[in-house]
Amino acid sequence: KPEGIFYTPTSGIWRTVWLEPVAEVCIDRLKNTPDVEARALRLRVSANTFADEYQVEAVATAGGREVGRVTGLPNAELVLKLNELRLWSPDDPFLYDLRVTLKRGGRVVDSVSSYFGMRKIALRQDEQGIMRIALNDKFIFQVGTLDQGFWPDGLYTAPTDAALRSDIEFLKESGFNLTRKHVKVEPERWYYWCDRLGLLVWQDMPSANNATVDGRRNFEIELLRMVRGLENHPSVIVWVLFNEGWGQYDTERLTHWLKSVDPSRLVNNASGWTDMRVGDMVDIHTYPGPDCPTPESRRAAVLGEFGGLGLAMPEHSWSQRCWGYLEFPDAKTLEARYMRAFKQVWALHHLRGLSAAVYTQTTDVETECNGLLTYDRAVAKMDPSVLLAANRGDFPGTPMKIVLADAMVGRTKWRYTIEQPPETWFQPDFDASHWAEGIGGFGSEGTPGSYPNTAWKTSDIWLRRDFTLGPEDLSGLKLRVYHDEDVVIYLNGVLALHLKGYITDYEEYDIPPEAAAALRPGNNTIAVHCHQTTGGQGVDVGILVPQPAKAASNDK
């Protein structure tokens with residue numbers, strides 16, 4: 001009974017299987033680890049012999065030209081030095097070709113061909129001391145999709161190799177540089193196309209029922225097999241151990257073990273909700289979001305899931321019952337909401353240290369209609385050019401300067417009280433020095449879309465603070481507001497906004513003329529009252545002003 005986030009059960013073989021006749025003594029496995037600093041590939045060629053008369057030879061080529069060669073014993077690490085280095089990245093997914101032969105007394109016993117990419121993934125502090133993710137020692141903001149790899153005609157099995165490739169091409173065309181392969185291990189060709197086309201991959205370990213000793217033993221065996229099976233793919237940069245607590249156990253031990261098995265990649269101990277403060281990243285999920293956890297001294301902040309913006313396409317839906325975390329009536333409304341979400345994502349990246357954001361999701365899946373593509377891949381709900389602009393942070397309109405920072409972009413101190421103040425509480429000359437002091441926003445943890453830095457749990461709260469405007473700031477001012485529930489905002493004692501009910505993320509509002517006329521260069525006052533009756537609660541306010549156009553330069 002598939003519904004919501006639960007889909008048709010899948011069993012049996014869904015990945016490519018092949019049989020190959022080999023010699024009695026043969027190459028069993030390659031392990032390729034790029035070492036960018038050493039300008040070399042660390043290569044281990046496993047063979048089913050330890051006899052001294054066997055030798056391996058590995059030759060790396062680029063465009064048909066030999067760029068490196070090494071010989072040595074099988075089952076030992078070889079260092080293949082490269083005489084020219086070209087790094088792999090989503091913008092330049094360059095791959096070297098590799099030919100490995102196993103010889104006995106000069107006679108070739110077995111040979112295999114492969115490829116490798118030279119890239120490095122690590123954590124680095126930026127100039128502000130914020131821990132971020134770096135690819136090849138350069139900070140890269142990872143923007144991707146949750147990708148579940150379901151197909152209407154095969155469930156876990158894609159119909160063709162071209163179909164696997166087409167999903168990745170769509171993501172690349174749309175400006176994504178990342179995908180999170182969600183609780184599924186794909187056929188090898190999917191990772192090949194990620195390597196070849198240049199798409200970073202976070203690889204989830206599929207969730208399991210780990211309530212028993214046997215279940216946990218099987219989980220750890222399969223985890224090792226997954227890593228061993230995918231370790232040569234340069235596109236794979238993160239192992240995601242657990243998702244949202246499903247089957248989660250012994251997180252600290254398994255995270256350290258996974259790092260020891262593969263120190264060349266990052267490890268996400270738990271994507272969403274159940275972080276155990278180990279591994280390389282702190283990861284939250286928020287719908288619709290976006291949001292950002294606080295980066296730590298040794299871990300980067302990532303948004304492992306957000307979005308879920310739904311649009312049903314009746315002629316291309318798998319079911320009459322379609323749902324998304326938020327549902328929209330048409331593509332135009334969906335597009336506007338997507339652009340606004342990614343504008344916030346980029347603000348979180350620049351101002352709060354967000355290193356990656358994963359949007360739900362690539363395609364619709366059965367009853368879920370929150371994909372960028374329909375389940376049959378026949379329709380893109382938004383034009384890739386629109387997605388490209390949003391995903392790369394290229395937004396239409398005038399850039400805005402922050403006059404008063406809200407919690408989404410900063411930490412602003414307010415005076416506040418939860419006791420009924422005098423009737424003149426919102427006037428500019430009111431003395432609120434005896435009120436408490438706190439950092440905005442105000443509210444309770446878990447309220448969707450809020451950033452509560454100061455707890456507020458009563459039915460009412462009153463806020464005040466001063467802010468400064470320059471002469472150039474008096475035109476085009478906007479209020480950016482989060483409220484749950486009713487909120488009233490005054491500027492220099494004049495009513496600017498009165499908003500009813502609640503919202504689940506920040507909204508921008510024009511300041512009406514009468515309130516704008518009360519503003520002046522220099523010191524000004526903002527006063528806020530929020531009233532809440534039930535459920536979560538929160539309030540936060542920021543002020544934005546259009547940035548002046550930069551003067552043209554005559555510099556050559």
# chains A, B, ... in the order shown; residues from 1 in each chain; ligands from 1
>>> residues_around(residues="region 332-345 of chain A", least_positions_apart="3", cutoff="10 Å", atoms="only C-alpha atoms", output="PyMOL selection string")
chain A and resi 143+288-292+303+306-311+326-329+348-352+354+356-357+359+381-383+386-387+389-396+408-409+505-507
>>> write_last_selection(atoms="C-alpha atoms", output="compact mmCIF listing (two decimals), in the first residue's frame")
# COMPACT_ATOMS: atom_id res chain seq x y z
CA VAL A 143 23.94 22.36 -4.22
CA PRO A 288 10.14 23.25 3.58
CA GLY A 289 13.11 25.21 4.94
CA PRO A 290 15.82 26.12 4.30
CA ASP A 291 17.76 26.27 7.55
CA CYS A 292 21.38 25.94 8.68
CA LEU A 303 21.37 20.89 5.04
CA PHE A 306 14.84 20.53 2.48
CA GLY A 307 12.23 21.71 0.00
CA GLY A 308 9.74 19.04 -0.97
CA LEU A 309 7.78 21.57 -3.06
CA GLY A 310 5.03 19.63 -4.79
CA LEU A 311 3.23 20.03 -8.09
CA LEU A 326 4.09 22.00 0.27
CA GLU A 327 1.77 21.73 -2.72
CA PHE A 328 1.39 24.35 -5.45
CA PRO A 329 -1.35 24.90 -8.04
CA LEU A 348 22.78 30.90 4.61
CA HIS A 349 25.91 29.90 2.69
CA HIS A 350 27.43 33.39 2.74
CA LEU A 351 26.31 34.52 6.17
CA ARG A 352 25.89 31.45 8.36
CA LEU A 354 26.27 26.53 5.13
CA ALA A 356 25.85 22.13 1.22
CA ALA A 357 22.12 22.04 0.56
CA TYR A 359 16.77 19.70 -2.25
CA LYS A 381 8.24 21.10 -13.86
CA MET A 382 10.59 24.09 -14.08
CA ASP A 383 12.80 25.05 -16.97
CA VAL A 386 15.43 28.83 -14.16
CA LEU A 387 16.93 26.15 -11.93
CA ALA A 389 20.08 30.65 -12.13
CA ALA A 390 18.72 29.80 -8.67
CA ASN A 391 21.19 27.01 -8.01
CA ARG A 392 24.13 29.27 -8.87
CA GLY A 393 22.83 32.19 -6.84
CA ASP A 394 21.97 34.38 -9.81
CA PHE A 395 18.72 36.10 -8.84
CA PRO A 396 16.84 38.80 -10.72
CA MET A 408 18.69 34.10 9.30
CA VAL A 409 21.75 36.23 8.60
CA ASP A 505 9.49 30.89 6.59
CA TYR A 506 10.62 34.51 6.26
CA GLU A 507 8.62 36.85 4.00
>>> residues_around(residues="Arg104 (chain A)", least_positions_apart="2", cutoff="12 Å", atoms="only C-alpha atoms", output="MDAnalysis selection string")
chainID A and resid 25:26 49:57 72:74 101:102 106:110
>>> write_last_selection(atoms="C-alpha atoms", output="PDB file, in the first residue's frame")
ATOM      1  CA  VAL A  25      45.654 -16.708 -11.210  1.00  0.00           C
ATOM      2  CA  CYS A  26      44.001 -13.368 -11.926  1.00  0.00           C
ATOM      3  CA  THR A  49      48.516 -15.228  -5.333  1.00  0.00           C
ATOM      4  CA  PHE A  50      51.409 -14.140  -3.159  1.00  0.00           C
ATOM      5  CA  ALA A  51      54.080 -15.887  -5.248  1.00  0.00           C
ATOM      6  CA  ASP A  52      57.164 -13.726  -5.873  1.00  0.00           C
ATOM      7  CA  GLU A  53      57.333 -14.533  -9.572  1.00  0.00           C
ATOM      8  CA  TYR A  54      54.210 -12.462 -10.253  1.00  0.00           C
ATOM      9  CA  GLN A  55      54.459  -8.744 -11.040  1.00  0.00           C
ATOM     10  CA  VAL A  56      51.908  -6.069 -11.853  1.00  0.00           C
ATOM     11  CA  GLU A  57      52.370  -3.157 -14.203  1.00  0.00           C
ATOM     12  CA  GLY A  72      55.627  -3.943  -8.381  1.00  0.00           C
ATOM     13  CA  LEU A  73      54.180  -6.873  -6.488  1.00  0.00           C
ATOM     14  CA  PRO A  74      50.456  -7.594  -6.347  1.00  0.00           C
ATOM     15  CA  THR A 101      48.502  -6.197 -16.264  1.00  0.00           C
ATOM     16  CA  LEU A 102      49.506  -9.165 -14.145  1.00  0.00           C
ATOM     17  CA  GLY A 106      57.261 -11.458 -18.570  1.00  0.00           C
ATOM     18  CA  ARG A 107      54.144 -13.282 -19.785  1.00  0.00           C
ATOM     19  CA  VAL A 108      50.789 -11.555 -19.352  1.00  0.00           C
ATOM     20  CA  VAL A 109      48.509 -13.667 -17.163  1.00  0.00           C
ATOM     21  CA  ASP A 110      45.619 -11.205 -16.794  1.00  0.00           C
TER      22      ASP A 110
END
>>> closest_residue(among="A:Gly12, A:Pro546, A:Pro513, A:Pro521", to="Gly154 (chain A)", atoms="only C-alpha atoms")
A:Gly12
>>> select_by_dssp(residues="region 439-528 of chain A", states="strand (DSSP E or B)", output="compact mmCIF listing (two decimals) with all heavy atoms, in the first residue's frame")
# COMPACT_ATOMS: atom_id res chain seq x y z
N ILE A 439 18.88 37.78 22.05
CA ILE A 439 19.25 37.71 20.63
C ILE A 439 18.05 37.21 19.83
O ILE A 439 17.44 36.21 20.16
CB ILE A 439 20.45 36.77 20.43
CG1 ILE A 439 21.65 37.20 21.26
CG2 ILE A 439 20.81 36.68 18.94
CD1 ILE A 439 22.27 38.49 20.82
N PHE A 442 13.05 35.07 18.47
CA PHE A 442 12.46 34.65 19.72
C PHE A 442 11.42 33.58 19.43
O PHE A 442 10.64 33.70 18.48
CB PHE A 442 11.82 35.86 20.41
CG PHE A 442 12.80 36.92 20.79
CD1 PHE A 442 13.26 37.85 19.86
CD2 PHE A 442 13.28 37.00 22.09
CE1 PHE A 442 14.17 38.83 20.20
CE2 PHE A 442 14.20 37.99 22.45
CZ PHE A 442 14.64 38.91 21.50
N GLY A 443 11.39 32.54 20.26
CA GLY A 443 10.40 31.50 20.03
C GLY A 443 10.78 30.19 20.67
O GLY A 443 11.63 30.12 21.57
N THR A 454 16.55 33.06 21.35
CA THR A 454 16.10 33.36 22.71
C THR A 454 14.74 32.70 22.92
O THR A 454 13.83 32.88 22.10
CB THR A 454 15.97 34.88 22.94
OG1 THR A 454 17.25 35.48 22.71
CG2 THR A 454 15.52 35.18 24.35
N ALA A 455 14.60 31.94 24.00
CA ALA A 455 13.36 31.21 24.25
C ALA A 455 12.22 32.16 24.58
O ALA A 455 12.37 33.09 25.37
CB ALA A 455 13.56 30.22 25.39
N ASP A 460 2.48 36.20 24.72
CA ASP A 460 2.80 37.49 24.11
C ASP A 460 4.25 37.87 24.39
O ASP A 460 4.81 37.50 25.43
CB ASP A 460 1.89 38.58 24.68
CG ASP A 460 0.45 38.43 24.24
OD1 ASP A 460 0.11 38.98 23.19
OD2 ASP A 460 -0.31 37.74 24.95
N ILE A 461 4.81 38.61 23.44
CA ILE A 461 6.14 39.17 23.62
C ILE A 461 6.20 40.54 22.94
O ILE A 461 5.57 40.75 21.89
CB ILE A 461 7.24 38.23 23.07
CG1 ILE A 461 8.63 38.72 23.50
CG2 ILE A 461 7.15 38.08 21.56
CD1 ILE A 461 9.74 37.71 23.23
N TRP A 462 6.90 41.49 23.58
CA TRP A 462 7.09 42.82 23.04
C TRP A 462 8.59 43.06 22.86
O TRP A 462 9.39 42.73 23.75
CB TRP A 462 6.51 43.88 23.98
CG TRP A 462 5.01 43.84 24.08
CD1 TRP A 462 4.12 44.61 23.40
CD2 TRP A 462 4.22 42.99 24.93
NE1 TRP A 462 2.82 44.32 23.75
CE2 TRP A 462 2.85 43.32 24.70
CE3 TRP A 462 4.52 41.99 25.87
CZ2 TRP A 462 1.81 42.68 25.36
CZ3 TRP A 462 3.48 41.35 26.51
CH2 TRP A 462 2.14 41.70 26.25
N LEU A 463 8.98 43.60 21.70
CA LEU A 463 10.39 43.80 21.35
C LEU A 463 10.62 45.25 20.94
O LEU A 463 9.75 45.88 20.33
CB LEU A 463 10.79 42.90 20.17
CG LEU A 463 10.42 41.42 20.18
CD1 LEU A 463 10.71 40.81 18.82
CD2 LEU A 463 11.18 40.68 21.26
N ARG A 464 11.83 45.74 21.24
CA ARG A 464 12.24 47.08 20.77
C ARG A 464 13.74 47.10 20.53
O ARG A 464 14.49 46.37 21.18
CB ARG A 464 11.93 48.14 21.86
CG ARG A 464 10.52 48.56 22.01
CD ARG A 464 10.42 49.58 23.14
NE ARG A 464 11.24 50.77 22.87
CZ ARG A 464 10.78 51.90 22.34
NH1 ARG A 464 9.51 52.01 22.02
NH2 ARG A 464 11.58 52.93 22.14
N ARG A 465 14.14 47.95 19.61
CA ARG A 465 15.56 48.26 19.45
C ARG A 465 15.70 49.46 18.52
O ARG A 465 14.76 49.83 17.79
CB ARG A 465 16.38 47.08 18.93
CG ARG A 465 16.11 46.67 17.52
CD ARG A 465 17.28 45.89 16.92
NE ARG A 465 18.41 46.78 16.67
CZ ARG A 465 19.62 46.63 17.22
NH1 ARG A 465 19.86 45.62 18.03
NH2 ARG A 465 20.59 47.48 16.93
N ASP A 466 16.87 50.08 18.55
CA ASP A 466 17.20 51.18 17.64
C ASP A 466 17.98 50.64 16.45
O ASP A 466 18.64 49.58 16.54
CB ASP A 466 18.03 52.25 18.36
CG ASP A 466 17.25 52.97 19.44
OD1 ASP A 466 16.01 52.95 19.37
OD2 ASP A 466 17.89 53.52 20.35
N PHE A 467 17.91 51.35 15.34
CA PHE A 467 18.73 51.01 14.18
C PHE A 467 19.07 52.32 13.46
O PHE A 467 18.41 53.35 13.64
CB PHE A 467 18.01 50.05 13.24
CG PHE A 467 16.75 50.58 12.63
CD1 PHE A 467 16.73 51.16 11.37
CD2 PHE A 467 15.54 50.51 13.33
CE1 PHE A 467 15.57 51.65 10.81
CE2 PHE A 467 14.36 50.99 12.77
CZ PHE A 467 14.37 51.57 11.52
N THR A 468 20.12 52.28 12.65
CA THR A 468 20.63 53.48 12.01
C THR A 468 20.44 53.42 10.51
O THR A 468 20.69 52.39 9.87
CB THR A 468 22.13 53.66 12.33
OG1 THR A 468 22.29 53.72 13.75
CG2 THR A 468 22.67 54.93 11.71
N LEU A 469 20.01 54.55 9.93
CA LEU A 469 19.87 54.68 8.49
C LEU A 469 20.76 55.81 7.98
O LEU A 469 20.90 56.84 8.65
CB LEU A 469 18.42 55.00 8.11
CG LEU A 469 17.36 53.93 8.37
CD1 LEU A 469 15.98 54.46 8.03
CD2 LEU A 469 17.66 52.66 7.58
N LYS A 478 12.52 47.47 2.98
CA LYS A 478 11.61 46.33 3.16
C LYS A 478 11.80 45.74 4.55
O LYS A 478 12.91 45.78 5.11
CB LYS A 478 11.88 45.24 2.11
CG LYS A 478 11.47 45.61 0.68
CD LYS A 478 11.78 44.47 -0.26
CE LYS A 478 11.36 44.81 -1.68
NZ LYS A 478 9.89 44.84 -1.84
N LEU A 479 10.73 45.20 5.08
CA LEU A 479 10.79 44.43 6.31
C LEU A 479 10.81 42.95 5.95
O LEU A 479 10.00 42.49 5.12
CB LEU A 479 9.58 44.73 7.21
CG LEU A 479 9.52 46.11 7.85
CD1 LEU A 479 8.15 46.37 8.44
CD2 LEU A 479 10.59 46.24 8.93
N ARG A 480 11.74 42.20 6.55
CA ARG A 480 11.73 40.74 6.39
C ARG A 480 11.29 40.16 7.72
O ARG A 480 11.93 40.38 8.76
CB ARG A 480 13.10 40.21 5.99
CG ARG A 480 13.07 38.72 5.68
CD ARG A 480 14.21 38.28 4.82
NE ARG A 480 15.51 38.47 5.45
CZ ARG A 480 16.67 38.29 4.83
NH1 ARG A 480 16.68 37.96 3.55
NH2 ARG A 480 17.80 38.47 5.46
N VAL A 481 10.18 39.40 7.70
CA VAL A 481 9.48 39.04 8.94
C VAL A 481 9.22 37.54 8.99
O VAL A 481 8.86 36.92 7.98
CB VAL A 481 8.13 39.79 9.03
CG1 VAL A 481 7.44 39.48 10.36
CG2 VAL A 481 8.34 41.29 8.87
N TYR A 482 9.41 36.98 10.18
CA TYR A 482 8.89 35.65 10.51
C TYR A 482 7.94 35.82 11.68
O TYR A 482 8.28 36.50 12.66
CB TYR A 482 10.02 34.68 10.89
CG TYR A 482 9.47 33.35 11.32
CD1 TYR A 482 9.20 32.35 10.39
CD2 TYR A 482 9.17 33.09 12.66
CE1 TYR A 482 8.66 31.14 10.77
CE2 TYR A 482 8.63 31.88 13.05
CZ TYR A 482 8.37 30.91 12.11
OH TYR A 482 7.83 29.71 12.49
N HIS A 483 6.76 35.22 11.61
CA HIS A 483 5.82 35.36 12.73
C HIS A 483 4.96 34.12 12.90
O HIS A 483 4.49 33.53 11.94
CB HIS A 483 4.93 36.60 12.54
CG HIS A 483 4.02 36.53 11.34
ND1 HIS A 483 2.69 36.18 11.42
CD2 HIS A 483 4.26 36.80 10.03
CE1 HIS A 483 2.15 36.22 10.22
NE2 HIS A 483 3.08 36.60 9.36
N ASP A 484 4.77 33.75 14.15
CA ASP A 484 3.86 32.69 14.55
C ASP A 484 3.42 33.01 15.99
O ASP A 484 4.14 32.74 16.93
CB ASP A 484 4.57 31.34 14.51
CG ASP A 484 3.64 30.16 14.83
OD1 ASP A 484 2.51 30.41 15.31
OD2 ASP A 484 4.05 29.01 14.62
N ASP A 486 0.13 36.21 15.30
CA ASP A 486 -0.11 37.59 14.88
C ASP A 486 1.02 38.51 15.30
O ASP A 486 1.50 38.44 16.43
CB ASP A 486 -1.42 38.11 15.49
CG ASP A 486 -2.63 37.30 15.06
OD1 ASP A 486 -2.46 36.39 14.23
OD2 ASP A 486 -3.73 37.57 15.57
N VAL A 487 1.41 39.43 14.40
CA VAL A 487 2.49 40.35 14.72
C VAL A 487 2.11 41.77 14.29
O VAL A 487 1.44 41.96 13.26
CB VAL A 487 3.81 39.92 14.04
CG1 VAL A 487 3.73 40.03 12.53
CG2 VAL A 487 4.98 40.73 14.56
N VAL A 488 2.50 42.75 15.11
CA VAL A 488 2.32 44.17 14.81
C VAL A 488 3.70 44.83 14.89
O VAL A 488 4.44 44.60 15.86
CB VAL A 488 1.35 44.85 15.80
CG1 VAL A 488 1.16 46.32 15.43
CG2 VAL A 488 0.01 44.13 15.82
N ILE A 489 4.04 45.67 13.89
CA ILE A 489 5.36 46.29 13.83
C ILE A 489 5.19 47.80 13.65
O ILE A 489 4.44 48.25 12.78
CB ILE A 489 6.19 45.71 12.66
CG1 ILE A 489 6.33 44.18 12.80
CG2 ILE A 489 7.56 46.37 12.58
CD1 ILE A 489 6.96 43.51 11.60
N TYR A 490 5.92 48.55 14.48
CA TYR A 490 5.90 50.01 14.41
C TYR A 490 7.31 50.51 14.08
O TYR A 490 8.30 49.98 14.57
CB TYR A 490 5.49 50.62 15.75
CG TYR A 490 4.09 50.27 16.20
CD1 TYR A 490 3.86 49.12 16.95
CD2 TYR A 490 3.02 51.10 15.90
CE1 TYR A 490 2.58 48.79 17.37
CE2 TYR A 490 1.73 50.79 16.33
CZ TYR A 490 1.52 49.63 17.06
OH TYR A 490 0.25 49.32 17.49
N LEU A 491 7.38 51.56 13.25
CA LEU A 491 8.62 52.26 12.95
C LEU A 491 8.48 53.70 13.41
O LEU A 491 7.59 54.43 12.94
CB LEU A 491 8.93 52.20 11.46
CG LEU A 491 9.19 50.80 10.87
CD1 LEU A 491 9.30 50.86 9.37
CD2 LEU A 491 10.43 50.17 11.49
N VAL A 494 5.00 54.67 14.25
CA VAL A 494 3.97 54.60 13.22
C VAL A 494 3.76 53.14 12.81
O VAL A 494 4.74 52.42 12.55
CB VAL A 494 4.35 55.45 12.00
CG1 VAL A 494 3.28 55.33 10.90
CG2 VAL A 494 4.54 56.90 12.40
N LEU A 495 2.50 52.73 12.73
CA LEU A 495 2.20 51.34 12.35
C LEU A 495 2.72 51.05 10.95
O LEU A 495 2.38 51.76 9.99
CB LEU A 495 0.69 51.11 12.40
CG LEU A 495 0.22 49.70 11.99
CD1 LEU A 495 0.75 48.66 12.97
CD2 LEU A 495 -1.30 49.64 11.91
N ALA A 496 3.55 50.01 10.84
CA ALA A 496 4.10 49.62 9.54
C ALA A 496 3.46 48.34 9.01
O ALA A 496 3.17 48.24 7.81
CB ALA A 496 5.62 49.43 9.64
N LEU A 497 3.24 47.36 9.87
CA LEU A 497 2.63 46.09 9.45
C LEU A 497 1.76 45.53 10.55
O LEU A 497 2.10 45.65 11.75
CB LEU A 497 3.70 45.06 9.10
CG LEU A 497 4.47 45.18 7.78
CD1 LEU A 497 5.49 44.05 7.68
CD2 LEU A 497 3.55 45.18 6.58
N HIS A 498 0.67 44.89 10.16
CA HIS A 498 -0.14 44.10 11.08
C HIS A 498 -0.49 42.82 10.34
O HIS A 498 -1.31 42.82 9.41
CB HIS A 498 -1.41 44.85 11.49
CG HIS A 498 -2.20 44.13 12.53
ND1 HIS A 498 -3.42 44.56 13.00
CD2 HIS A 498 -1.94 42.99 13.22
CE1 HIS A 498 -3.88 43.74 13.93
NE2 HIS A 498 -2.99 42.77 14.07
N LEU A 499 0.17 41.70 10.70
CA LEU A 499 0.05 40.44 9.99
C LEU A 499 -0.64 39.42 10.87
O LEU A 499 -0.29 39.24 12.03
CB LEU A 499 1.43 39.92 9.58
CG LEU A 499 2.29 40.89 8.75
CD1 LEU A 499 3.69 40.33 8.57
CD2 LEU A 499 1.64 41.14 7.40
N TYR A 502 0.11 32.71 10.96
CA TYR A 502 1.52 32.32 11.02
C TYR A 502 2.02 31.98 9.63
O TYR A 502 1.25 31.73 8.70
CB TYR A 502 1.70 31.11 11.95
CG TYR A 502 1.08 29.83 11.43
CD1 TYR A 502 1.83 28.95 10.65
CD2 TYR A 502 -0.24 29.51 11.71
CE1 TYR A 502 1.27 27.77 10.17
CE2 TYR A 502 -0.81 28.34 11.23
CZ TYR A 502 -0.05 27.47 10.46
OH TYR A 502 -0.61 26.31 9.97
N GLU A 507 9.24 36.17 5.13
CA GLU A 507 8.62 36.85 4.00
C GLU A 507 9.09 38.31 3.99
O GLU A 507 9.33 38.91 5.05
CB GLU A 507 7.09 36.83 4.11
CG GLU A 507 6.49 35.43 4.13
CD GLU A 507 6.19 34.91 2.73
OE1 GLU A 507 6.63 35.57 1.76
OE2 GLU A 507 5.53 33.86 2.63
N GLU A 508 9.20 38.90 2.79
CA GLU A 508 9.56 40.31 2.66
C GLU A 508 8.31 41.14 2.39
O GLU A 508 7.43 40.73 1.62
CB GLU A 508 10.57 40.49 1.52
CG GLU A 508 11.93 39.89 1.82
CD GLU A 508 12.93 40.12 0.70
OE1 GLU A 508 12.60 40.89 -0.24
OE2 GLU A 508 14.03 39.55 0.75
N TYR A 509 8.24 42.31 3.04
CA TYR A 509 7.09 43.20 2.92
C TYR A 509 7.56 44.63 2.66
O TYR A 509 8.51 45.10 3.30
CB TYR A 509 6.24 43.18 4.20
CG TYR A 509 5.72 41.80 4.56
CD1 TYR A 509 6.46 40.95 5.39
CD2 TYR A 509 4.49 41.36 4.09
CE1 TYR A 509 6.00 39.70 5.72
CE2 TYR A 509 4.00 40.10 4.42
CZ TYR A 509 4.76 39.27 5.23
OH TYR A 509 4.29 38.02 5.58
N ASP A 510 6.88 45.31 1.74
CA ASP A 510 7.14 46.74 1.54
C ASP A 510 6.65 47.52 2.76
O ASP A 510 5.64 47.18 3.37
CB ASP A 510 6.41 47.24 0.29
CG ASP A 510 6.99 46.67 -0.98
OD1 ASP A 510 8.22 46.42 -1.02
OD2 ASP A 510 6.22 46.45 -1.93
N GLY A 522 20.05 58.64 10.43
CA GLY A 522 20.49 58.56 11.82
C GLY A 522 19.70 57.52 12.59
O GLY A 522 19.34 56.47 12.06
N ASN A 523 19.40 57.81 13.86
CA ASN A 523 18.79 56.84 14.75
C ASN A 523 17.28 56.72 14.52
O ASN A 523 16.58 57.72 14.38
CB ASN A 523 19.06 57.22 16.20
CG ASN A 523 18.66 56.10 17.15
OD1 ASN A 523 19.22 55.02 17.11
ND2 ASN A 523 17.68 56.37 18.01
N ASN A 524 16.79 55.47 14.49
CA ASN A 524 15.37 55.16 14.36
C ASN A 524 15.02 54.03 15.33
O ASN A 524 15.91 53.32 15.83
CB ASN A 524 15.03 54.74 12.93
CG ASN A 524 15.24 55.85 11.92
OD1 ASN A 524 14.34 56.59 11.61
ND2 ASN A 524 16.47 55.95 11.40
N THR A 525 13.72 53.82 15.54
CA THR A 525 13.26 52.82 16.49
C THR A 525 12.27 51.87 15.82
O THR A 525 11.40 52.30 15.07
CB THR A 525 12.58 53.48 17.71
OG1 THR A 525 13.51 54.34 18.35
CG2 THR A 525 12.10 52.43 18.69
N ILE A 526 12.43 50.57 16.10
CA ILE A 526 11.46 49.57 15.67
C ILE A 526 10.89 48.91 16.92
O ILE A 526 11.63 48.62 17.88
CB ILE A 526 12.08 48.53 14.72
CG1 ILE A 526 11.03 47.51 14.26
CG2 ILE A 526 13.28 47.82 15.35
CD1 ILE A 526 11.52 46.59 13.14
N ALA A 527 9.57 48.70 16.93
CA ALA A 527 8.89 48.06 18.06
C ALA A 527 7.96 46.98 17.50
O ALA A 527 7.28 47.19 16.50
CB ALA A 527 8.09 49.09 18.85
N VAL A 528 7.95 45.80 18.17
CA VAL A 528 7.25 44.63 17.65
C VAL A 528 6.46 43.97 18.77
O VAL A 528 6.96 43.83 19.90
CB VAL A 528 8.26 43.60 17.07
CG1 VAL A 528 7.53 42.39 16.52
CG2 VAL A 528 9.15 44.24 16.01
>>> residues_around(residues="Asp28 (chain A)", least_positions_apart="2", cutoff="7 Å", atoms="only C-alpha atoms", output="JSON, numbers by chain")
{"A": [26, 46, 47, 48]}
>>> closest_residue(among="A:Asp92, A:Glu296, A:Glu84, A:Asp376", to="Pro314 (chain A)", atoms="only C-alpha atoms")
A:Asp376
>>> residues_around(residues="Met276 (chain A)", least_positions_apart="4", cutoff="8 Å", atoms="only C-alpha atoms", output="PyMOL selection string")
chain A and resi 251-252+269-270
>>> residues_around(residues="Phe176 (chain A)", least_positions_apart="4", cutoff="8 Å", atoms="only C-alpha atoms", output="list in words")
Gln142, Val143, Gly144, Thr145, Leu171, Lys172, Leu199, Leu388 and Asn391 of chain A
>>> residues_around(residues="Trp151 (chain A)", least_positions_apart="4", cutoff="9 Å", atoms="only C-alpha atoms", output="PyMOL selection string")
chain A and resi 155-159+365-366+375-377
>>> write_last_selection(atoms="N, CA, C and O atoms", output="short mmCIF file (atom, residue, chain, number, x, y, z; two decimals), in the first residue's frame")
data_model
loop_
_atom_site.label_atom_id
_atom_site.label_comp_id
_atom_site.auth_asym_id
_atom_site.auth_seq_id
_atom_site.Cartn_x
_atom_site.Cartn_y
_atom_site.Cartn_z
N LEU A 155 10.94 0.00 -10.84
CA LEU A 155 11.18 0.29 -9.43
C LEU A 155 12.65 0.63 -9.21
O LEU A 155 13.08 1.73 -9.51
N TYR A 156 13.47 -0.30 -8.73
CA TYR A 156 14.89 -0.02 -8.51
C TYR A 156 15.72 -0.13 -9.78
O TYR A 156 16.89 0.23 -9.79
N THR A 157 15.15 -0.66 -10.86
CA THR A 157 15.91 -0.92 -12.08
C THR A 157 15.53 0.09 -13.16
O THR A 157 14.37 0.17 -13.56
N ALA A 158 16.52 0.85 -13.62
CA ALA A 158 16.29 1.77 -14.73
C ALA A 158 16.10 0.98 -16.02
O ALA A 158 16.66 -0.10 -16.18
N PRO A 159 15.34 1.52 -16.97
CA PRO A 159 15.10 0.76 -18.20
C PRO A 159 16.33 0.61 -19.07
O PRO A 159 16.50 -0.41 -19.74
N VAL A 365 8.26 10.29 -6.94
CA VAL A 365 8.36 8.85 -6.65
C VAL A 365 6.98 8.36 -6.23
O VAL A 365 6.48 8.72 -5.16
N GLU A 366 6.35 7.61 -7.12
CA GLU A 366 5.02 7.05 -6.86
C GLU A 366 4.06 8.15 -6.39
O GLU A 366 3.75 9.06 -7.15
N TYR A 375 7.64 11.43 -12.51
CA TYR A 375 8.14 10.07 -12.27
C TYR A 375 8.57 9.41 -13.57
O TYR A 375 9.55 8.66 -13.61
N ASP A 376 7.84 9.68 -14.67
CA ASP A 376 8.20 9.07 -15.96
C ASP A 376 9.30 9.84 -16.70
O ASP A 376 9.66 9.49 -17.82
N ARG A 377 9.81 10.91 -16.08
CA ARG A 377 10.89 11.74 -16.65
C ARG A 377 10.45 12.46 -17.93
O ARG A 377 11.29 12.98 -18.67
#
